[in-house]
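Visitor: Dropping in entry-v1.cif, which is mmCIF, C-alpha atoms:
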```
data_input
loop_
_atom_site.label_atom_id
_atom_site.label_comp_id
_atom_site.auth_asym_id
_atom_site.auth_seq_id
_atom_site.Cartn_x
_atom_site.Cartn_y
_atom_site.Cartn_z
CA MET A 179 -8.15 -6.97 -17.71
CA SER A 180 -11.72 -5.64 -17.96
CA GLY A 181 -15.23 -6.78 -18.64
CA GLY A 182 -15.08 -9.45 -15.93
CA PRO A 183 -17.42 -10.09 -13.01
CA GLY A 184 -18.67 -7.07 -11.10
CA VAL A 185 -18.76 -6.73 -7.32
CA LEU A 186 -19.88 -4.14 -4.80
CA ALA A 187 -16.58 -3.50 -3.04
CA LEU A 188 -16.44 -2.59 0.66
CA PHE A 189 -13.31 -1.14 2.25
CA PRO A 190 -12.31 -0.92 5.94
CA GLY A 191 -11.68 2.09 8.12
CA GLN A 192 -9.30 2.87 10.96
CA GLY A 193 -9.26 0.25 13.68
CA SER A 194 -9.02 -2.59 11.17
CA GLN A 195 -5.25 -2.29 10.72
CA THR A 196 -3.21 -5.35 11.63
CA PRO A 197 0.57 -5.86 11.51
CA GLY A 198 1.50 -7.81 8.39
CA MET A 199 -1.49 -6.67 6.35
CA GLY A 200 -0.94 -6.85 2.62
CA ARG A 201 2.26 -8.90 2.84
CA ALA A 202 0.79 -12.08 1.34
CA PHE A 203 -0.65 -10.23 -1.65
CA ALA A 204 2.50 -8.18 -2.26
CA THR A 205 4.66 -11.29 -2.08
CA ALA A 206 2.52 -13.28 -4.51
CA HIS A 207 1.28 -10.61 -6.91
CA PRO A 208 3.32 -7.88 -8.64
CA GLU A 209 0.24 -5.67 -8.90
CA ALA A 210 0.02 -5.51 -5.11
CA ALA A 211 3.76 -4.99 -4.70
CA ALA A 212 3.56 -2.03 -7.09
CA VAL A 213 0.97 -0.37 -4.82
CA PHE A 214 3.36 -0.51 -1.87
CA ASP A 215 6.11 0.95 -4.05
CA GLU A 216 3.87 3.77 -5.24
CA ALA A 217 2.73 4.62 -1.70
CA SER A 218 6.30 4.60 -0.41
CA ASP A 219 7.42 6.93 -3.20
CA ALA A 220 4.46 9.28 -2.69
CA LEU A 221 5.01 9.63 1.06
CA GLY A 222 8.76 9.16 1.36
CA THR A 223 8.00 6.42 3.87
CA ASP A 224 8.60 2.66 3.59
CA LEU A 225 5.02 1.35 3.63
CA ARG A 226 6.22 -2.24 3.68
CA ALA A 227 8.10 -1.62 6.92
CA LEU A 228 5.15 0.27 8.38
CA CYS A 229 2.53 -2.36 7.49
CA TRP A 230 4.61 -5.46 8.09
CA ASP A 231 7.30 -4.73 10.67
CA ALA A 232 6.21 -1.78 12.80
CA PRO A 233 4.95 -2.43 16.35
CA ALA A 234 1.18 -2.53 16.58
CA ALA A 235 1.11 0.76 18.53
CA GLU A 236 3.09 2.56 15.82
CA LEU A 237 0.86 1.18 13.09
CA ALA A 238 -2.24 2.20 15.06
CA SER A 239 -1.13 5.83 15.28
CA THR A 240 -3.73 7.80 13.33
CA ASP A 241 -1.27 9.39 10.88
CA ASN A 242 0.16 5.93 10.11
CA ALA A 243 -2.96 3.77 10.22
CA GLN A 244 -4.85 5.72 7.57
CA PRO A 245 -2.30 5.58 4.71
CA ALA A 246 -1.38 2.01 5.71
CA LEU A 247 -4.99 0.82 5.49
CA LEU A 248 -5.48 2.58 2.18
CA THR A 249 -2.34 0.96 0.77
CA ALA A 250 -3.15 -2.57 1.96
CA SER A 251 -6.74 -2.30 0.71
CA VAL A 252 -5.82 -0.92 -2.72
CA ALA A 253 -3.12 -3.60 -3.05
CA ALA A 254 -5.77 -6.30 -2.56
CA TRP A 255 -8.13 -4.51 -4.94
CA ARG A 256 -5.48 -4.28 -7.68
CA VAL A 257 -5.10 -8.06 -7.56
CA LEU A 258 -8.85 -8.46 -7.98
CA GLU A 259 -8.74 -6.06 -10.93
CA ALA A 260 -5.89 -8.03 -12.49
CA HIS A 261 -8.20 -11.06 -12.46
CA GLY A 262 -10.88 -9.14 -14.32
CA THR A 263 -13.04 -8.04 -11.39
CA THR A 264 -14.69 -4.62 -11.64
CA ALA A 265 -16.50 -2.45 -9.11
CA THR A 266 -20.15 -1.91 -10.00
CA ALA A 267 -20.21 0.25 -6.85
CA ALA A 268 -17.97 0.78 -3.84
CA ALA A 269 -18.21 2.05 -0.28
CA GLY A 270 -15.74 2.44 2.54
CA HIS A 271 -16.04 2.98 6.28
CA SER A 272 -14.55 6.32 7.38
CA VAL A 273 -11.13 6.60 5.66
CA GLY A 274 -12.17 3.58 3.58
CA ALA A 275 -14.38 5.99 1.65
CA VAL A 276 -11.18 7.31 0.05
CA THR A 277 -10.27 3.77 -0.97
CA ALA A 278 -13.68 3.48 -2.63
CA LEU A 279 -12.86 6.57 -4.72
CA VAL A 280 -9.68 4.87 -5.92
CA ALA A 281 -11.48 1.62 -6.70
CA THR A 282 -14.13 3.40 -8.79
CA GLY A 283 -11.50 5.35 -10.73
CA ARG A 284 -12.33 8.78 -9.29
CA LEU A 285 -9.05 9.36 -7.50
CA GLU A 286 -5.46 8.50 -8.41
CA PHE A 287 -3.84 6.33 -5.77
CA ALA A 288 -0.82 8.61 -5.26
CA ASP A 289 -3.15 11.56 -4.63
CA ALA A 290 -5.24 9.41 -2.31
CA VAL A 291 -2.35 8.25 -0.14
CA ARG A 292 -1.06 11.80 0.26
CA LEU A 293 -4.58 12.98 1.11
CA VAL A 294 -5.15 10.37 3.81
CA ARG A 295 -1.72 11.00 5.34
CA LEU A 296 -2.78 14.64 5.71
CA ARG A 297 -6.16 13.52 7.06
CA GLY A 298 -4.47 11.43 9.72
CA GLU A 299 -2.06 14.21 10.66
CA LEU A 300 -4.86 16.77 10.99
CA MET A 301 -7.00 14.43 13.08
CA ALA A 302 -4.08 13.50 15.33
CA ALA A 303 -3.24 17.17 15.89
CA ALA A 304 -6.78 18.23 16.88
CA PRO A 305 -6.77 19.78 20.37
CA GLY A 306 -8.60 18.41 23.37
CA GLU A 307 -8.79 15.06 25.10
CA GLY A 308 -11.38 12.91 23.37
CA GLY A 309 -12.57 9.34 23.37
CA MET A 310 -14.93 6.95 21.63
CA CYS A 311 -17.13 4.10 22.78
CA ALA A 312 -18.92 1.39 20.78
CA VAL A 313 -22.29 0.16 22.00
CA LEU A 314 -23.92 -3.15 21.08
CA ALA A 315 -27.66 -2.92 21.75
CA THR A 316 -31.07 -3.21 20.11
CA GLY A 317 -34.59 -1.99 20.79
CA ASP A 318 -35.21 -0.13 24.03
CA GLU A 319 -31.63 -0.70 25.21
CA ARG A 320 -30.30 1.03 22.10
CA GLU A 321 -32.67 3.97 22.57
CA LYS A 322 -31.64 4.31 26.21
CA ALA A 323 -27.96 4.28 25.23
CA LEU A 324 -28.54 6.91 22.53
CA ALA A 325 -30.33 9.08 25.08
CA ALA A 326 -27.46 8.64 27.54
CA ALA A 327 -25.02 9.80 24.85
CA ALA A 328 -27.13 12.85 24.06
CA GLU A 329 -27.37 13.76 27.75
CA ARG A 330 -23.57 13.91 27.89
CA ARG A 331 -23.28 15.94 24.66
CA LEU A 332 -21.60 13.08 22.83
CA ASP A 333 -21.85 12.82 19.07
CA ILE A 334 -22.75 9.63 17.21
CA ALA A 335 -19.55 8.97 15.29
CA ALA A 336 -20.91 5.94 13.45
CA ASP A 337 -24.27 4.26 13.02
CA ASN A 338 -22.85 0.92 11.97
CA SER A 339 -25.79 -1.49 12.10
CA PRO A 340 -29.12 -2.13 13.80
CA ARG A 341 -27.08 -3.46 16.72
CA GLN A 342 -24.06 -1.15 16.94
CA PHE A 343 -23.27 2.53 17.14
CA VAL A 344 -20.24 4.52 18.28
CA ALA A 345 -20.36 7.59 20.52
CA SER A 346 -17.58 10.18 20.42
CA GLY A 347 -16.64 13.28 22.40
CA ASP A 348 -14.91 14.60 25.51
CA LEU A 349 -13.00 11.78 27.19
CA ALA A 350 -14.47 12.32 30.66
CA ALA A 351 -17.99 12.31 29.18
CA VAL A 352 -17.22 9.14 27.21
CA GLU A 353 -15.97 7.40 30.34
CA GLU A 354 -19.09 8.46 32.25
CA PHE A 355 -21.25 7.25 29.35
CA ALA A 356 -19.52 3.85 29.25
CA ALA A 357 -20.06 3.40 32.98
CA ALA A 358 -23.74 4.30 32.63
CA VAL A 359 -24.34 1.90 29.74
CA GLY A 360 -22.42 -0.94 31.36
CA ALA A 361 -21.54 -4.22 29.69
CA ARG A 362 -23.00 -3.18 26.32
CA ALA A 363 -20.36 -0.44 26.01
CA LYS A 364 -16.82 -0.96 24.75
CA PRO A 365 -14.44 2.02 25.04
CA LEU A 366 -12.19 2.21 21.98
CA ASP A 367 -8.41 2.57 22.08
CA VAL A 368 -8.18 5.88 20.21
CA SER A 369 -6.32 9.12 20.76
CA HIS A 370 -9.10 11.53 19.79
CA ALA A 371 -12.86 11.88 19.34
CA PHE A 372 -13.07 11.14 15.62
CA HIS A 373 -16.21 11.98 13.63
CA SER A 374 -17.34 14.48 16.23
CA ARG A 375 -17.50 18.23 16.77
CA LEU A 376 -14.06 17.98 18.42
CA MET A 377 -12.57 17.53 14.94
CA ALA A 378 -13.83 21.01 13.95
CA PRO A 379 -10.41 22.73 14.43
CA ALA A 380 -9.03 20.53 11.62
CA ALA A 381 -12.01 21.03 9.31
CA ALA A 382 -10.85 24.16 7.43
CA ASP A 383 -7.46 22.70 6.44
CA TRP A 384 -9.11 19.43 5.47
CA GLU A 385 -11.76 21.12 3.33
CA ALA A 386 -9.04 23.11 1.55
CA ALA A 387 -7.16 19.91 0.73
CA VAL A 388 -10.31 18.19 -0.52
CA ALA A 389 -11.15 21.19 -2.71
CA GLU A 390 -7.78 20.90 -4.45
CA VAL A 391 -7.54 17.14 -4.98
CA PRO A 392 -8.35 16.17 -8.59
CA LEU A 393 -11.39 13.92 -9.01
CA ARG A 394 -12.35 12.21 -12.27
CA PRO A 395 -15.89 11.37 -13.38
CA ALA A 396 -16.91 7.73 -13.02
CA GLU A 397 -20.05 5.70 -13.66
CA ALA A 398 -19.89 3.34 -10.68
CA PRO A 399 -21.77 4.76 -7.66
CA VAL A 400 -19.80 5.37 -4.51
CA GLY A 401 -21.08 5.28 -0.94
CA LEU A 402 -21.52 8.74 0.58
CA ILE A 403 -20.88 8.05 4.24
CA THR A 404 -22.39 11.31 5.54
CA THR A 405 -25.72 10.79 3.75
CA GLY A 406 -26.05 7.01 3.77
CA ALA A 407 -26.73 6.88 0.02
CA PHE A 408 -24.85 5.94 -3.13
CA GLY A 409 -24.12 8.60 -5.71
CA THR A 410 -22.08 9.58 -8.75
CA ASP A 411 -22.23 13.39 -8.72
CA GLU A 412 -18.74 14.86 -8.34
CA ALA A 413 -19.89 17.80 -6.22
CA ALA A 414 -21.71 15.45 -3.84
CA VAL A 415 -18.67 13.15 -3.62
CA ARG A 416 -16.38 16.08 -2.82
CA ARG A 417 -18.82 17.48 -0.24
CA ASP A 418 -19.10 14.07 1.42
CA LEU A 419 -15.33 13.74 1.57
CA ALA A 420 -15.00 17.17 3.19
CA ASP A 421 -17.85 16.76 5.68
CA ALA A 422 -16.84 13.28 6.84
CA LEU A 423 -14.16 14.57 9.20
CA CYS A 424 -16.76 15.74 11.73
CA ALA A 425 -19.95 14.02 10.55
CA PRO A 426 -21.08 10.51 11.55
CA VAL A 427 -20.47 7.47 9.35
CA ARG A 428 -23.91 6.29 8.24
CA TRP A 429 -22.85 2.73 7.49
CA ARG A 430 -26.17 1.17 8.47
CA GLU A 431 -27.99 3.16 5.80
CA LEU A 432 -25.40 2.34 3.15
CA MET A 433 -25.72 -1.37 3.88
CA GLU A 434 -29.51 -1.12 3.83
CA ALA A 435 -29.25 0.62 0.46
CA THR A 436 -27.38 -2.36 -0.95
CA ALA A 437 -30.37 -4.57 -0.11
CA GLY A 438 -32.54 -2.56 -2.52
CA ARG A 439 -30.29 -2.99 -5.52
CA PRO A 440 -31.92 -4.23 -8.72
CA GLU A 441 -31.34 -7.87 -9.59
CA PRO A 442 -29.10 -9.46 -10.54
CA ALA A 443 -27.17 -7.73 -7.79
CA ALA A 444 -23.37 -7.87 -7.74
CA PRO A 445 -21.98 -9.79 -4.75
CA LEU A 446 -20.72 -7.86 -1.74
CA VAL A 447 -16.96 -8.21 -1.27
CA ALA A 448 -15.01 -6.79 1.68
CA VAL A 449 -11.51 -6.08 0.41
CA GLY A 450 -8.34 -5.94 2.49
CA PRO A 451 -8.24 -6.14 6.32
CA ALA A 452 -12.03 -5.89 6.49
CA LYS A 453 -13.19 -8.63 8.87
CA ALA A 454 -15.08 -6.04 10.93
CA LEU A 455 -17.28 -5.19 7.94
CA VAL A 456 -18.13 -8.88 7.46
CA GLY A 457 -19.11 -9.04 11.12
CA LEU A 458 -21.32 -5.95 10.91
CA ALA A 459 -23.22 -7.46 7.97
CA LYS A 460 -24.43 -10.23 10.31
CA HIS A 461 -26.28 -7.62 12.38
CA PHE A 462 -28.80 -6.92 9.61
CA PRO A 463 -32.09 -8.84 9.36
CA ALA A 464 -31.35 -9.92 5.78
CA LYS A 465 -27.86 -11.11 6.82
CA PRO A 466 -26.29 -10.26 3.45
CA GLN A 467 -23.46 -12.53 2.38
CA VAL A 468 -20.19 -10.62 2.31
CA SER A 469 -17.10 -12.38 0.97
CA LEU A 470 -13.79 -11.35 2.55
CA VAL A 471 -10.75 -11.03 0.29
CA ASP A 472 -7.74 -10.45 2.53
CA THR A 473 -5.38 -13.26 1.44
CA PRO A 474 -4.52 -15.05 -1.81
CA THR A 475 -6.47 -18.07 -0.54
CA SER A 476 -9.65 -16.06 -0.03
CA LEU A 477 -9.10 -14.46 -3.44
CA THR A 478 -9.06 -17.88 -5.07
CA ALA A 479 -12.28 -18.83 -3.29
CA LEU A 480 -14.02 -15.67 -4.51
CA LEU A 481 -12.85 -16.11 -8.08
CA ARG A 482 -14.23 -19.64 -8.07
CA ARG A 483 -17.54 -18.29 -6.80
CA LEU A 484 -17.60 -15.63 -9.50
CA GLY A 485 -16.54 -18.06 -12.19
CA ALA A 486 -13.58 -15.86 -13.10
#
```
Mind converting the file's structure to structure tokens?

Guide:
Amino acid sequence: MSGGPGVLALFPGQGSQTPGMGRAFATAHPEAAAVFDEASDALGTDLRALCWDAPAAELASTDNAQPALLTASVAAWRVLEAHGTTATAAAGHSVGAVTALVATGRLEFADAVRLVRLRGELMAAAPGEGGMCAVLATGDEREKALAAAAERRLDIAADNSPRQFVASGDLAAVEEFAAAVGARAKPLDVSHAFHSRLMAPAAADWEAAVAEVPLRPAEAPVGLITTGAFGTDEAAVRRDLADALCAPVRWRELMEATAGRPEPAAPLVAVGPAKALVGLAKHFPAKPQVSLVDTPTSLTALLRRLGA
């Protein structure tokens, strides 16, 4: 179906994976089931078993979590599309940026799932012992925490909202940083320092893969996570995809950019296992309404809202 209601689609990144994700959609909707079939064929791996039956630790492994999140998110998006919903724009957090390329028609899903499997493998194989730490703070406390990160040569892996950022780097430095910041800091359960200079050893292989993946032109803008802006230029999209391995996710700026959209603005919809993105939206002064579509029930509620 086409020509239906438009939405600005938001897609989750690593850390949002949950065992069982996508099962309800795949059970109730053939469009979603077909996505799991296509991913399994493309990777030679049973994505149903990985997303639904694997232990949480196995699913959380970087090389598994990234293709699993992409598959579950695209499965949910395909159901929305089947009900006539279109993406007037799309953005994704970290690996979710690849999902946004699929949703806007720039990237074939089979190419995308192979690309993110490689992304996860390269990131997991990066040398060194790294860590990451989220910080919830505003005003002077945020500035002090940013200064503490800089003092320890940590990179800002993600600027998520006016209230949250993520520092990334050498594990010992991250642990020292978390102790210095105190209760506002939350060390993350990750194997490496993602979106930091410690990913540099994987950058050349990743850039080569990005250079070869076929991208199609599309009219709907996509969020460029390394610049914090929306764009349509193919060269800029490819550059963003390549740079994002080491560069910070500028999610705060992308969300602020949505506030300046011309009216009537399409509603914001977080698609797939994206509760974290709904929570981050509450950190912004405007408190934009973000509808979550992660189950058939929430899909029905959104379609009623859209009048579809």

Visitor: Hey, what comes out of the PyMOL selection byres ((chain A and resi 209-216) around 9) on this file? Could you write it as a list in words?

Guide: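 Written out, the selection comes to Gly200, Arg201, Phe203, Ala204, Thr205, Ala206, His207, Pro208, Ala217, Ser218, Asp219, Ala220, Leu221, Asp224, Leu225, Arg226, Thr249, Ala250, Val252, Ala253, Ala254, Trp255, Arg256, Val257, Ala260, Phe287 and Ala288 of chain A.
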
Visitor: Distance atom CA of A:Asp337-atom CA of A:Thr277, one decimal place?

Guide: 19.8 Å

Visitor: Dump as JSON lines the rows for residues of stretch 343-407 of chain A within 7 Å of stretch 308-328 of chain A: closest atom pair and distance in Å with one decimal, only C-alpha atoms counted, ordered by chain and rising residue number.

Guide:
```
{"residue": "A:Phe343", "atom": "CA", "partner": "A:Val313", "partner_atom": "CA", "distance": 5.5}
{"residue": "A:Val344", "atom": "CA", "partner": "A:Ala312", "partner_atom": "CA", "distance": 4.2}
{"residue": "A:Ala345", "atom": "CA", "partner": "A:Cys311", "partner_atom": "CA", "distance": 5.3}
{"residue": "A:Ser346", "atom": "CA", "partner": "A:Met310", "partner_atom": "CA", "distance": 4.3}
{"residue": "A:Gly347", "atom": "CA", "partner": "A:Gly308", "partner_atom": "CA", "distance": 5.4}
{"residue": "A:Asp348", "atom": "CA", "partner": "A:Gly308", "partner_atom": "CA", "distance": 4.5}
{"residue": "A:Leu349", "atom": "CA", "partner": "A:Gly308", "partner_atom": "CA", "distance": 4.3}
{"residue": "A:Val352", "atom": "CA", "partner": "A:Gly309", "partner_atom": "CA", "distance": 6.0}
{"residue": "A:Phe355", "atom": "CA", "partner": "A:Ala327", "partner_atom": "CA", "distance": 6.4}
{"residue": "A:Ala356", "atom": "CA", "partner": "A:Cys311", "partner_atom": "CA", "distance": 6.9}
{"residue": "A:Val359", "atom": "CA", "partner": "A:Ala323", "partner_atom": "CA", "distance": 6.3}
{"residue": "A:Arg362", "atom": "CA", "partner": "A:Leu314", "partner_atom": "CA", "distance": 5.3}
{"residue": "A:Ala363", "atom": "CA", "partner": "A:Val313", "partner_atom": "CA", "distance": 4.5}
{"residue": "A:Lys364", "atom": "CA", "partner": "A:Ala312", "partner_atom": "CA", "distance": 5.1}
{"residue": "A:Pro365", "atom": "CA", "partner": "A:Cys311", "partner_atom": "CA", "distance": 4.1}
{"residue": "A:Leu366", "atom": "CA", "partner": "A:Cys311", "partner_atom": "CA", "distance": 5.3}
{"residue": "A:Val368", "atom": "CA", "partner": "A:Gly309", "partner_atom": "CA", "distance": 6.4}
{"residue": "A:Ser369", "atom": "CA", "partner": "A:Gly309", "partner_atom": "CA", "distance": 6.8}
{"residue": "A:His370", "atom": "CA", "partner": "A:Gly308", "partner_atom": "CA", "distance": 4.5}
{"residue": "A:Ala371", "atom": "CA", "partner": "A:Gly308", "partner_atom": "CA", "distance": 4.4}
```

Visitor: Between atom CA of A:Glu299 and atom CA of A:Ala235, measure the distance and give it in Å to one decimal.

Guide: 15.9 Å

Visitor: Extract, using only C-alpha atoms, all DNA, RNA and protein residues at most 12 Å from stretch 382-397 of chain A, discarding same-chain residues fewer than 3 positions from it, and format them as a PyMOL selection string.

Guide: chain A and resi 264-268+276+278-301+303-304+377-379+400+408-424

Visitor: Atoms to include: C-alpha atoms. Write the selected residues as a compact mmCIF listing (two decimals), keeping the file's coordinate frame.

Guide:
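Heads up, here's the output in result30.txt:
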```txt
# COMPACT_ATOMS: atom_id res chain seq x y z
CA THR A 264 -14.69 -4.62 -11.64
CA ALA A 265 -16.50 -2.45 -9.11
CA THR A 266 -20.15 -1.91 -10.00
CA ALA A 267 -20.21 0.25 -6.85
CA ALA A 268 -17.97 0.78 -3.84
CA VAL A 276 -11.18 7.31 0.05
CA ALA A 278 -13.68 3.48 -2.63
CA LEU A 279 -12.86 6.57 -4.72
CA VAL A 280 -9.68 4.87 -5.92
CA ALA A 281 -11.48 1.62 -6.70
CA THR A 282 -14.13 3.40 -8.79
CA GLY A 283 -11.50 5.35 -10.73
CA ARG A 284 -12.33 8.78 -9.29
CA LEU A 285 -9.05 9.36 -7.50
CA GLU A 286 -5.46 8.50 -8.41
CA PHE A 287 -3.84 6.33 -5.77
CA ALA A 288 -0.82 8.61 -5.26
CA ASP A 289 -3.15 11.56 -4.63
CA ALA A 290 -5.24 9.41 -2.31
CA VAL A 291 -2.35 8.25 -0.14
CA ARG A 292 -1.06 11.80 0.26
CA LEU A 293 -4.58 12.98 1.11
CA VAL A 294 -5.15 10.37 3.81
CA ARG A 295 -1.72 11.00 5.34
CA LEU A 296 -2.78 14.64 5.71
CA ARG A 297 -6.16 13.52 7.06
CA GLY A 298 -4.47 11.43 9.72
CA GLU A 299 -2.06 14.21 10.66
CA LEU A 300 -4.86 16.77 10.99
CA MET A 301 -7.00 14.43 13.08
CA ALA A 303 -3.24 17.17 15.89
CA ALA A 304 -6.78 18.23 16.88
CA MET A 377 -12.57 17.53 14.94
CA ALA A 378 -13.83 21.01 13.95
CA PRO A 379 -10.41 22.73 14.43
CA VAL A 400 -19.80 5.37 -4.51
CA PHE A 408 -24.85 5.94 -3.13
CA GLY A 409 -24.12 8.60 -5.71
CA THR A 410 -22.08 9.58 -8.75
CA ASP A 411 -22.23 13.39 -8.72
CA GLU A 412 -18.74 14.86 -8.34
CA ALA A 413 -19.89 17.80 -6.22
CA ALA A 414 -21.71 15.45 -3.84
CA VAL A 415 -18.67 13.15 -3.62
CA ARG A 416 -16.38 16.08 -2.82
CA ARG A 417 -18.82 17.48 -0.24
CA ASP A 418 -19.10 14.07 1.42
CA LEU A 419 -15.33 13.74 1.57
CA ALA A 420 -15.00 17.17 3.19
CA ASP A 421 -17.85 16.76 5.68
CA ALA A 422 -16.84 13.28 6.84
CA LEU A 423 -14.16 14.57 9.20
CA CYS A 424 -16.76 15.74 11.73
```

Visitor: So that I can check the surroundings of A:Ser194, please list as a list of chain:residue names every protein, DNA and RNA residue that reaches within 7 Å of it, counting only C-alpha atoms and ignoring chain neighbours fewer than 2 positions away.

Guide: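 Close residues of A:Ser194: A:Pro190, A:Gly191, A:Gln192, A:Thr196, A:Pro451, A:Ala452, A:Ala454.
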
Visitor: Looking at A:Ala444, A:Ala464, A:Met199, A:Ala269, which one is nearest to A:Leu237, with distances taken over all atoms listed in the file?

Guide: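 The closest residue to A:Leu237 is A:Met199.
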
Visitor: Select, from A:Ser476, A:Ala435, A:Glu236, A:His261, the residue with the minimum atom-to-atom distance to A:Ala202, counting only C-alpha atoms.

Guide: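 With only C-alpha atoms as the atom set, the closest residue is A:Ser476.
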
Visitor: Quick one: everything within 12 Å of A:Leu432, counting all atoms listed in the file, minus sequence neighbours fewer than 2 positions away in the same chain. Send it as number ranges by chain.

Guide: A: 186, 188, 267-271, 275, 336-339, 399-409, 427-430, 434-439, 459, 462

Visitor: With N, CA, C and O atoms as the goal, would you fill in the gaps in stretch 328-344 of chain A and present it as a PDB file, in the coordinates of the input?

Guide:
```
ATOM      1  N   ALA A 328     -26.664  11.485  24.290  1.00  0.00           N
ATOM      2  CA  ALA A 328     -27.130  12.850  24.060  1.00  0.00           C
ATOM      3  C   ALA A 328     -27.065  13.671  25.352  1.00  0.00           C
ATOM      4  O   ALA A 328     -26.702  14.860  25.335  1.00  0.00           O
ATOM      5  N   GLU A 329     -27.402  13.061  26.469  1.00  0.00           N
ATOM      6  CA  GLU A 329     -27.370  13.760  27.750  1.00  0.00           C
ATOM      7  C   GLU A 329     -25.965  14.262  28.067  1.00  0.00           C
ATOM      8  O   GLU A 329     -25.798  15.299  28.732  1.00  0.00           O
ATOM      9  N   ARG A 330     -24.966  13.553  27.606  1.00  0.00           N
ATOM     10  CA  ARG A 330     -23.570  13.910  27.890  1.00  0.00           C
ATOM     11  C   ARG A 330     -22.924  14.673  26.740  1.00  0.00           C
ATOM     12  O   ARG A 330     -21.711  14.794  26.685  1.00  0.00           O
ATOM     13  N   ARG A 331     -23.738  15.156  25.819  1.00  0.00           N
ATOM     14  CA  ARG A 331     -23.280  15.940  24.660  1.00  0.00           C
ATOM     15  C   ARG A 331     -22.246  15.179  23.831  1.00  0.00           C
ATOM     16  O   ARG A 331     -21.303  15.758  23.300  1.00  0.00           O
ATOM     17  N   LEU A 332     -22.441  13.885  23.713  1.00  0.00           N
ATOM     18  CA  LEU A 332     -21.600  13.080  22.830  1.00  0.00           C
ATOM     19  C   LEU A 332     -22.227  13.039  21.449  1.00  0.00           C
ATOM     20  O   LEU A 332     -23.443  13.078  21.299  1.00  0.00           O
ATOM     21  N   ASP A 333     -21.385  12.962  20.442  1.00  0.00           N
ATOM     22  CA  ASP A 333     -21.850  12.820  19.070  1.00  0.00           C
ATOM     23  C   ASP A 333     -21.875  11.347  18.693  1.00  0.00           C
ATOM     24  O   ASP A 333     -21.100  10.541  19.234  1.00  0.00           O
ATOM     25  N   ILE A 334     -22.749  10.984  17.759  1.00  0.00           N
ATOM     26  CA  ILE A 334     -22.750   9.630  17.210  1.00  0.00           C
ATOM     27  C   ILE A 334     -21.752   9.615  16.058  1.00  0.00           C
ATOM     28  O   ILE A 334     -21.989  10.197  15.005  1.00  0.00           O
ATOM     29  N   ALA A 335     -20.614   8.992  16.291  1.00  0.00           N
ATOM     30  CA  ALA A 335     -19.550   8.970  15.290  1.00  0.00           C
ATOM     31  C   ALA A 335     -19.848   8.004  14.163  1.00  0.00           C
ATOM     32  O   ALA A 335     -19.407   8.214  13.026  1.00  0.00           O
ATOM     33  N   ALA A 336     -20.584   6.938  14.468  1.00  0.00           N
ATOM     34  CA  ALA A 336     -20.910   5.940  13.450  1.00  0.00           C
ATOM     35  C   ALA A 336     -22.170   5.197  13.839  1.00  0.00           C
ATOM     36  O   ALA A 336     -22.297   4.744  14.983  1.00  0.00           O
ATOM     37  N   ASP A 337     -23.085   5.114  12.886  1.00  0.00           N
ATOM     38  CA  ASP A 337     -24.270   4.260  13.020  1.00  0.00           C
ATOM     39  C   ASP A 337     -23.975   3.056  12.133  1.00  0.00           C
ATOM     40  O   ASP A 337     -24.192   3.073  10.931  1.00  0.00           O
ATOM     41  N   ASN A 338     -23.439   2.008  12.741  1.00  0.00           N
ATOM     42  CA  ASN A 338     -22.850   0.920  11.970  1.00  0.00           C
ATOM     43  C   ASN A 338     -23.831  -0.172  11.560  1.00  0.00           C
ATOM     44  O   ASN A 338     -23.640  -0.840  10.546  1.00  0.00           O
ATOM     45  N   SER A 339     -24.859  -0.394  12.368  1.00  0.00           N
ATOM     46  CA  SER A 339     -25.790  -1.490  12.100  1.00  0.00           C
ATOM     47  C   SER A 339     -26.983  -1.345  13.025  1.00  0.00           C
ATOM     48  O   SER A 339     -26.967  -0.496  13.928  1.00  0.00           O
ATOM     49  N   PRO A 340     -28.008  -2.175  12.846  1.00  0.00           N
ATOM     50  CA  PRO A 340     -29.120  -2.130  13.800  1.00  0.00           C
ATOM     51  C   PRO A 340     -28.711  -2.468  15.231  1.00  0.00           C
ATOM     52  O   PRO A 340     -29.460  -2.192  16.167  1.00  0.00           O
ATOM     53  N   ARG A 341     -27.534  -3.032  15.393  1.00  0.00           N
ATOM     54  CA  ARG A 341     -27.080  -3.460  16.720  1.00  0.00           C
ATOM     55  C   ARG A 341     -25.908  -2.665  17.264  1.00  0.00           C
ATOM     56  O   ARG A 341     -25.561  -2.824  18.442  1.00  0.00           O
ATOM     57  N   GLN A 342     -25.270  -1.825  16.446  1.00  0.00           N
ATOM     58  CA  GLN A 342     -24.060  -1.150  16.940  1.00  0.00           C
ATOM     59  C   GLN A 342     -23.996   0.308  16.513  1.00  0.00           C
ATOM     60  O   GLN A 342     -24.271   0.636  15.358  1.00  0.00           O
ATOM     61  N   PHE A 343     -23.631   1.159  17.461  1.00  0.00           N
ATOM     62  CA  PHE A 343     -23.270   2.530  17.140  1.00  0.00           C
ATOM     63  C   PHE A 343     -22.058   2.918  17.967  1.00  0.00           C
ATOM     64  O   PHE A 343     -21.687   2.227  18.919  1.00  0.00           O
ATOM     65  N   VAL A 344     -21.423   4.034  17.584  1.00  0.00           N
ATOM     66  CA  VAL A 344     -20.240   4.520  18.280  1.00  0.00           C
ATOM     67  C   VAL A 344     -20.465   5.957  18.710  1.00  0.00           C
ATOM     68  O   VAL A 344     -20.838   6.804  17.885  1.00  0.00           O
TER      69      VAL A 344
END
```
